[in-house]
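A.B. asks: Structure in structure tokens, see below.
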Amino acid sequence: MYKLFLTFRYLTRKKIVIFPILVVWLCVMMMIIVTSIMGGFVEHVRQANRDLLGDIIISNRNPQYGWARYEELQQYLKQQFPEMEAATPTIQAFGLISARGGTLGVQIEGIDPVGRAKVSKFGDTLYEQHIGPLNAVEDLSPALPATGSDLQSYAVKLEETARKRFEAADAAAANQYAIATGTAKPTLAGQLNLQGLWGLVVLALVEAWILRKRRTGWRWIGAGVAGVLMLGALGVIVAWPVMFPRALENTEDAASQAQLELTRADRTVRFAAELPVSRRFSTRDELAKALVPAESSFAVPHPDATQPGEEPEQGCYAGSYVLFRRDKRGNFDRDEQPEHMRVKLTVVPMSQHGSIQSISPSTETFVLVDDAYTGVYDIDSTCVYAPFKTIQLMANMRNELLKEGDPGWAPPRCSELLIKLKGNVGEEELTRIRARMEQAVAKFQEAHPDAYFDALDVKTWFEKQEKYLNAVQNEKNMMTFILGLMSLVVVVVIFLIFYMIVRDKTRDIGIIKAVGGAEEGVAGIFVTYGAFIGIVGGLLGVVSGVAFVTHTNQIHEWIYRMTGVVIWDRSVYVFDTIPDTVNPREVALYFAAAVIAGILGAAIPAIVAASQDPVKAVRYE
Amino acid sequence: MSELIRLQNIHKSYEMGPDMVPVLRGVDLVVNEGEFVAIMGASGSGKSTLLHIAGVLDQPDEFSPNGNGKKNARGEVFFRGKPVSSLGRWGRHKLRNHEFGFVFQFYHLLPELNVLENVLLPAMVDAPFYMALIRARPRKAEALALLDAFGLSNRLKHRPAQLSGGERQRVAIARALINQPALLLADEPTGNLDAKTGRTILDVLLGLHKNRGQTMLLVTHDPNVAKLADRTVQLAEGRIVP
């Protein structure tokens with residue numbers, strides 16, 4: 001019993017104990033923050049890849065030339081694998097995109113948007129056809145249930161409010177600009193950047209709390225108030241050069257945010273205008289069904305864009321980073337670009353042996369009808385999507401002049417066959433199905449020697465992206481390992497402090513032994529003490545780490561508003577928001593590691609304490 | 001009176017650099033139940049060492065008679081006729097906790113604990129683990145009675161640093177008595193106190209001996225203190241002077 005009792009007393013009476021607790025706290029917090037954000041990044045990349053590729057991918061080693069008999073293979077696999085839900089062929093070709101006077105090397109993907117949407121969540125990445133309408137559903141849903149006409153007037157009201165907000169924000173920015181250029185005077189509130197002042201008030205209250213121990217009764221309140229005033233004054237003096245220039249940037253930033261909201265409200269008005277006036281919408285789902293197209297398409301939305309007598313123009317999608325710029329806050333400049341921009345796509349066909357010399361590149365004009373934001377930067381910055389059949393022709397994978405049986409005819413080719421299985425198949429099960437499918441594909445290859453197969457690869461989505469996913473995972477592991485090594489300092493700090501405590505408590509140890517305390521008991525005091533430090537520091541680390549991670553975007557926003565520093569630059573990183581999910585297993589692991597570190601750090605000093613000669617200990621000066 | 005503790009042919013030496021300096025050279029001592037024995041001697045005569053060996057806090061020298069590594073103790077302590085060396089490590093801890101109470105010259109109270117907690121420390125050593133969890137204080141009533149008897153009932157929550165020397169020593173005596181030990185071992189209990197306070201402490205100890213029949217072995221170099229004992233043993237050069 002005395003072990004727990006003395007441990008508690010040492011914990012509450014020894015101020016030096018604050019330091020190891022602080023070290024454990026900071027280390028646990030740091031580990032949780034870093035691994036949560038890195039883990040969120042890894043999970044995001046994995047999810048984005050899975051969403052984009054489907055479950056199983058069949059491809060060959062020369063995707064720019066491709067392989068034939070894909071439709072037959074698709075049918076064959078459908079018969080062999082009842083667990084197969086859908087499949088779609090795609091083409092990958094080297095190419096160029098020319099728009100707004102510039103040309104960029106890209107990967108052109110020929111896809112069937114409907115088929116692609118069945119095997120992956122590609123449709124969800126399209127801004128105009130999915131994200132935009134969903135934004136409108138979100139904006140209109142507070143008015144539900146309502147008729148189409150009600151929703152239209154609600155959208156107009158939203159737009160009016162957004163316009164007023166924008167006008168106010170714009171005026172504030174103009175006023176701030178006038179102040180900055182010396183043509184207007186700042187208001188008092190503007191001078192005392194109120195948000196900054198709140199931070200100072202908190203500091204002052206902390207100061208008052210510290211002072212309360214030195215004063216009694218009402219005097220500490222007086223001291224606190226004095227502290228508030230002193231710190232407030234000091235804060236204004238110190239913070240002025242930082243805060244005041246930010247005021248202009250913050251108002252400008254608020255104005256551009258308000259402008260984005262206004263643009264969104266305008267779009268919502270446009271979407272609401274498409275709703276049937278008399279129909280009643282009760283739920284969000286009903287509204288989503290009416291506004292979000294059931295199937296993605298390359299169709300150009302405004303037929304009048306086609307010149308009289310011409311063939312209807314074809315649409316294409318570009319990865320969001322291909323044509324649009326993204327600011328630090330993560331907004332693409334879509335609305336600054338002309339609507340339905342015409343782009344020229346040049347496809348460079350490739351021979352079976354990887355040569356491009358014998359075949360001329362093919363160029364066509366497309367209308368950019370949408371942009372795809374998959375969340376994988378490598379894809380969003382390089383891929384352009386166009387109709388499968390068109391790209392097949394341009395890439396010389398199909399000859400429309402020859403029919404089957406004509407001399408020189410060859411079966412059309414694709415680069416990849418993307419396959420979706422029924423249900424949500426786990427990775428182990430997927431690997432088993434993939435192995436069976438590999439055998440089936442090999443059999444099919446034997447039966448179709450004319451299909452230009454040069455060893456078809458059958459891979460799961462995670463095998464296909466293995467190198468990339470492993471690189472990201474290794475980065476996380478390496479970071480965790482380095483931080484873990486750094487965290488060993490916790491054990492050293494606890495060891496040093498405990499060694500000091502044991503030296504300091506030598507005589508007490510002698511007394512405890514003199515009154516009958518055993519070696520195990522004395523060691524137990526210090527080991528329990530170490531464990532308590534681990535528990536207290538670990539708990540503080542868990543609470544603050546989890547709080548930080550779950551509020552990381554708010555904290556980031558606050559830092560941006562206060563200082564203008566964007567730590568998480570969205571123009572560089574693919575996330576719209578910083579990953580803020582915590583893995584409970586990792587948190588539990590770090591907490592356990594903190595307790596073990598506390599025990600390990602205390603173990604040697606505890607053994608030293610336990611092995612002290614009680615006679616020497618009681619005589620210790 | 002029956003024999004409580006017997007020290008037989010006790011040898012003890014300490015290392016001083018490369019040399020072994022003998023402190024006790026074959027001491028024999030018997031303390032009977034209810035007896036108050038004072039050990040006197042000059043500084044360095046081995047008084048405190050003898051007290052520590054009697055209280056099983058220290059052990060006599062060991063030697064290897066056959067040179068085969070197997071060691072024999074040079075001397076033996078018998079408690080109620082039983083050799084202490086036959087007890088295991090846990091047995092000796094238990095003996096110290098249940099049967100002996102120590103009072104030191106410099107009080108040796110734990111500074112983090114208050115008066116009541118210091119007194120209860122030996123009782124807590126023996127108390128089960130769960131009592132700490134339910135914040136129970138074992139034998140609190142006895143501790144309060146002892147502190148009351150020593151005039152410290154108004155000092156229960158005070159920490160040692162807030163007490164005078166005499167008060168601290170009374171707390172130390174109360175701590176030594178909480179487990180109702182068979183033998184109270186006091187090492188110069190008045191050595192760090194002024195004459196008046198020292199006298200108060202001696203009165204307390206004498207009261208215990210007379211009223212409760214407490215067996216005591218007290219080390220002192222002060223003849224005035226020693227003459228209060230039933231018997232005085234003189235130590236010189238590590239031997240009892242006949």
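For the structure tokens, the naming scheme is as follows: chains receive sequential letters (A, B, ...) according to their order of presentation, residues are indexed from 1 within each chain, and ligands are indexed from 1 in presentation order.
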So that I can see what lies close to Ser153 (chain B), please list as a list in words the residues with an atom at most 7 Å from it, counting only C-alpha atoms and leaving out residues fewer than 5 positions away in the same chain.
C.D. replies: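 Answer for this query is Leu144, Leu147 and Asp148 of chain B.
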A.B. asks: Print the selection's residues with C-alpha atoms to a file, as a compact mmCIF listing (two decimals), in the first residue's frame.
C.D. replies:
```txt
# COMPACT_ATOMS: atom_id res chain seq x y z
CA LEU B 144 -4.17 9.12 16.79
CA LEU B 147 0.02 11.14 18.96
CA ASP B 148 -2.48 12.27 21.53
```
A.B. asks: Should the cut-off be 9 Å, what would the residue list for chain B against chain A look like, counting only C-alpha atoms, as a compact mmCIF listing (two decimals) with C-alpha atoms, in the first residue's frame?
C.D. replies:
```txt
# COMPACT_ATOMS: atom_id res chain seq x y z
CA THR B 49 26.56 -0.80 14.49
CA HIS B 52 21.69 -1.96 13.66
CA GLY B 55 17.55 -4.58 14.72
CA VAL B 56 18.36 -6.79 11.68
CA LEU B 57 19.09 -3.66 9.69
CA ASP B 58 22.67 -4.85 9.26
CA ARG B 89 14.91 -11.94 3.23
CA TRP B 90 11.15 -11.53 3.61
CA ARG B 92 13.82 -10.27 8.11
CA HIS B 93 11.69 -7.50 6.54
CA LYS B 94 8.71 -8.78 8.48
CA LEU B 95 10.72 -8.96 11.69
CA ARG B 96 11.82 -5.32 11.27
CA ASN B 97 8.27 -4.29 10.54
CA HIS B 98 6.48 -6.25 13.28
CA PHE B 100 11.34 -3.80 16.02
CA GLY B 101 10.83 -0.06 16.19
CA PHE B 102 13.67 2.31 15.35
CA PHE B 104 17.14 7.66 15.14
CA HIS B 108 14.42 10.51 9.88
CA LEU B 109 10.85 11.44 9.09
CA LEU B 110 9.73 11.50 5.46
CA PRO B 111 9.43 15.17 4.50
CA GLU B 112 6.60 14.60 1.98
CA LEU B 113 4.33 13.03 4.60
CA LEU B 121 4.20 4.40 7.55
CA PRO B 122 5.17 1.06 9.22
CA ALA B 123 1.51 0.07 9.36
CA MET B 124 1.12 0.92 5.67
CA VAL B 125 4.10 -1.26 4.74
CA ASP B 126 2.13 -4.26 5.89
CA ALA B 127 -1.26 -3.13 4.61
CA PRO B 128 -2.73 -4.63 1.46
CA PHE B 129 -2.54 -2.82 -1.88
CA TYR B 130 -6.25 -2.08 -2.22
CA MET B 131 -6.26 0.08 0.93
CA ALA B 132 -4.28 2.75 -0.92
CA LEU B 133 -6.86 2.72 -3.68
CA ARG B 135 -7.49 5.83 0.58
CA ARG B 175 6.15 5.79 14.35
CA ALA B 176 8.41 3.24 16.05
```
A.B. asks: What's the 8 Å shell around Ile578 (chain A), counting only C-alpha atoms, without same-chain residues fewer than 5 positions away, as a PyMOL selection string?
C.D. replies: chain A and resi 37+552-553+568
A.B. asks: Can those selected residues be exported to a file as a PDB file, in the first residue's frame so that it contains C-alpha atoms?
C.D. replies:
```
ATOM      1  CA  ILE A  37      -1.495  13.439 -40.668  1.00  0.00           C
ATOM      2  CA  THR A 552      -5.905  21.011 -37.251  1.00  0.00           C
ATOM      3  CA  ASN A 553      -7.720  22.762 -40.090  1.00  0.00           C
ATOM      4  CA  TRP A 568      -0.322  23.460 -45.758  1.00  0.00           C
TER       5      TRP A 568
END
```
A.B. asks: Between A:Glu109, A:Asp266, A:Asp55, A:Asp124, which residue has the minimum interatomic distance to Glu159 (chain A), considering only C-alpha atoms?
C.D. replies: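 The closest residue to Glu159 (chain A) is A:Asp266.
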A.B. asks: List the spatial neighbours of region 177-192 of chain B as an MDAnalysis selection string - criterion: any atom at most 9 Å away, only C-alpha atoms, same-chain residues fewer than 4 positions off excluded.
C.D. replies: chainID B and resid 4:5 33:34 47:48 51:52 54:55 96:107 119:123 139 142:143 146 165:166 169 172:173 197:199 201:202 214:222 225
A.B. asks: If you keep C-alpha atoms, can you produce a file of those selected residues as a PDB file, in the first residue's frame?
C.D. replies:
```pdb
ATOM      1  CA  LEU B   4      13.931 -11.505  23.859  1.00  0.00           C
ATOM      2  CA  ILE B   5      17.066 -11.008  21.820  1.00  0.00           C
ATOM      3  CA  GLU B  33      11.646  -8.877  27.721  1.00  0.00           C
ATOM      4  CA  GLY B  34      10.652  -5.708  29.521  1.00  0.00           C
ATOM      5  CA  LYS B  47      27.391   1.272  19.497  1.00  0.00           C
ATOM      6  CA  SER B  48      25.243   2.153  16.499  1.00  0.00           C
ATOM      7  CA  LEU B  51      22.112  -1.543  17.417  1.00  0.00           C
ATOM      8  CA  HIS B  52      21.687  -1.957  13.664  1.00  0.00           C
ATOM      9  CA  ALA B  54      20.338  -6.172  16.778  1.00  0.00           C
ATOM     10  CA  GLY B  55      17.554  -4.585  14.725  1.00  0.00           C
ATOM     11  CA  ARG B  96      11.816  -5.324  11.275  1.00  0.00           C
ATOM     12  CA  ASN B  97       8.270  -4.287  10.537  1.00  0.00           C
ATOM     13  CA  HIS B  98       6.478  -6.249  13.280  1.00  0.00           C
ATOM     14  CA  GLU B  99       8.925  -6.717  16.103  1.00  0.00           C
ATOM     15  CA  PHE B 100      11.338  -3.796  16.015  1.00  0.00           C
ATOM     16  CA  GLY B 101      10.828  -0.060  16.194  1.00  0.00           C
ATOM     17  CA  PHE B 102      13.674   2.308  15.350  1.00  0.00           C
ATOM     18  CA  VAL B 103      14.243   5.787  16.735  1.00  0.00           C
ATOM     19  CA  PHE B 104      17.141   7.657  15.145  1.00  0.00           C
ATOM     20  CA  GLN B 105      19.163  10.622  16.355  1.00  0.00           C
ATOM     21  CA  PHE B 106      18.107  12.739  13.369  1.00  0.00           C
ATOM     22  CA  TYR B 107      14.436  11.629  13.517  1.00  0.00           C
ATOM     23  CA  VAL B 119       3.427   7.563  12.099  1.00  0.00           C
ATOM     24  CA  LEU B 120       1.334   5.255   9.929  1.00  0.00           C
ATOM     25  CA  LEU B 121       4.203   4.404   7.554  1.00  0.00           C
ATOM     26  CA  PRO B 122       5.171   1.062   9.219  1.00  0.00           C
ATOM     27  CA  ALA B 123       1.507   0.075   9.358  1.00  0.00           C
ATOM     28  CA  ARG B 139      -4.722   1.591  12.226  1.00  0.00           C
ATOM     29  CA  GLU B 142      -3.980   3.733  17.209  1.00  0.00           C
ATOM     30  CA  ALA B 143      -1.842   6.388  15.550  1.00  0.00           C
ATOM     31  CA  LEU B 146      -0.255   7.591  20.272  1.00  0.00           C
ATOM     32  CA  GLY B 165      13.138  19.014  17.105  1.00  0.00           C
ATOM     33  CA  GLY B 166      11.371  17.598  20.153  1.00  0.00           C
ATOM     34  CA  GLN B 169      11.469  13.027  17.782  1.00  0.00           C
ATOM     35  CA  ALA B 172       9.562   9.293  15.323  1.00  0.00           C
ATOM     36  CA  ILE B 173       8.863   7.456  18.618  1.00  0.00           C
ATOM     37  CA  THR B 197      13.733  18.797  25.113  1.00  0.00           C
ATOM     38  CA  GLY B 198      16.002  15.795  25.512  1.00  0.00           C
ATOM     39  CA  ARG B 199      14.655  15.306  29.003  1.00  0.00           C
ATOM     40  CA  ILE B 201      11.968  12.648  25.153  1.00  0.00           C
ATOM     41  CA  LEU B 202      13.596  10.554  27.845  1.00  0.00           C
ATOM     42  CA  GLN B 214       8.387  -1.740  26.571  1.00  0.00           C
ATOM     43  CA  THR B 215      11.703  -3.515  26.008  1.00  0.00           C
ATOM     44  CA  MET B 216      14.283  -0.971  24.894  1.00  0.00           C
ATOM     45  CA  LEU B 217      17.832  -0.985  23.648  1.00  0.00           C
ATOM     46  CA  LEU B 218      19.201   2.536  23.691  1.00  0.00           C
ATOM     47  CA  VAL B 219      22.511   3.795  22.436  1.00  0.00           C
ATOM     48  CA  THR B 220      23.959   6.870  24.077  1.00  0.00           C
ATOM     49  CA  HIS B 221      27.225   8.436  25.007  1.00  0.00           C
ATOM     50  CA  ASP B 222      25.569  10.454  27.771  1.00  0.00           C
ATOM     51  CA  VAL B 225      20.803   9.101  29.932  1.00  0.00           C
TER      52      VAL B 225
END
```
A.B. asks: For Gly105 (chain A), list every protein, DNA or RNA residue within 7 Å, evaluated using only C-alpha atoms, and leave out those in the same chain fewer than 5 positions away; present the list as a PyMOL selection string.
C.D. replies: chain A and resi 95-97
A.B. asks: Can those selected residues be exported to a file as a JSON list (two decimals), in the first residue's frame so that it contains C-alpha atoms?
C.D. replies:
```json
[["chain", "number", "residue", "atom", "x", "y", "z"],
["A", 95, "GLY", "CA", -0.45, 13.36, -76.25],
["A", 96, "LEU", "CA", -0.56, 17.11, -76.11],
["A", 97, "ILE", "CA", -3.24, 19.53, -75.06]]
```
A.B. asks: Give me the residues within 8 Å of Ile535 (chain A) as a list of chain:residue names, counting only C-alpha atoms and dropping any in the same chain fewer than 2 places off.
C.D. replies: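 Close residues of Ile535 (chain A): A:Ala531, A:Phe532, A:Ile533, A:Gly537, A:Gly538, A:Leu539, A:Phe591, A:Ala594, A:Val595.
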A.B. asks: Keeping only C-alpha atoms, take the residues you just selected and write them out as a PDB file, in the first residue's frame.
C.D. replies:
```pdb
ATOM      1  CA  ALA A 531       4.339   4.496 -14.729  1.00  0.00           C
ATOM      2  CA  PHE A 532       2.270   7.365 -13.323  1.00  0.00           C
ATOM      3  CA  ILE A 533       4.422   9.856 -15.222  1.00  0.00           C
ATOM      4  CA  GLY A 537       1.997  12.530 -19.682  1.00  0.00           C
ATOM      5  CA  GLY A 538       0.476   9.986 -22.061  1.00  0.00           C
ATOM      6  CA  LEU A 539      -3.090  11.044 -21.246  1.00  0.00           C
ATOM      7  CA  PHE A 591      -0.143   5.767 -24.835  1.00  0.00           C
ATOM      8  CA  ALA A 594       4.496   6.348 -22.946  1.00  0.00           C
ATOM      9  CA  VAL A 595       3.686   4.163 -19.937  1.00  0.00           C
TER      10      VAL A 595
END
```
A.B. asks: Tell me, in Å to one decimal, how far CA of Tyr127 (chain A) is from CA of Asp371 (chain A).
C.D. replies: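 Calculated distance between CA of Tyr127 (chain A) and CA of Asp371 (chain A) is 5.8 Å.
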A.B. asks: Enter the distance from CA of Ala395 (chain A) to CA of Met341 (chain A), in Å, rounded to one decimal.
C.D. replies: 23.1 Å
A.B. asks: To one decimal place in Å, what is the distance between CA of Phe388 (chain A) and CA of Glu446 (chain A)?
C.D. replies: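 That distance, rounded to one decimal, is 27.0 Å.
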A.B. asks: Using only C-alpha atoms, which residues sit within 8 Å of region 76-92 of chain A once same-chain residues fewer than 5 positions away are excluded, as JSON, numbers by chain?
C.D. replies: {"A": [63, 64, 66, 70, 107, 108, 109, 110, 111, 112, 115, 116, 118, 119, 388, 391, 392, 414, 415, 416, 417, 418, 419, 420, 421, 422, 437, 440, 441, 444]}
A.B. asks: Any chance you could list, as an MDAnalysis selection string, the residues in region 44-129 of chain B that come up helix (DSSP H, G or I) when DSSP is run on the backbone?
C.D. replies: chainID B and resid 47:54 84:86 89:98 115:126
A.B. asks: May I have all residues of region 166-210 of chain B that DSSP, computed from the backbone, assigns to strand (DSSP E), given as a VMD selection string?
C.D. replies: chain B and resid 183 to 187
A.B. asks: So that I have them on file, write out the residues from the current selection with C-alpha atoms, as a short mmCIF file (atom, residue, chain, number, x, y, z; two decimals), in the first residue's frame.
C.D. replies:
```cif
data_model
loop_
_atom_site.label_atom_id
_atom_site.label_comp_id
_atom_site.auth_asym_id
_atom_site.auth_seq_id
_atom_site.Cartn_x
_atom_site.Cartn_y
_atom_site.Cartn_z
CA LEU B 183 11.86 -4.13 20.99
CA LEU B 184 12.37 -0.41 20.63
CA LEU B 185 15.83 0.46 19.32
CA ALA B 186 16.88 4.04 19.93
CA ASP B 187 20.09 5.48 18.53
#
```
A.B. asks: Could you check which of A:Lys403, A:Phe366, A:Val28, A:Phe19 is closest to Ala592 (chain A), using only C-alpha atoms?
C.D. replies: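 So, comparing all the options, the nearest one is A:Val28.
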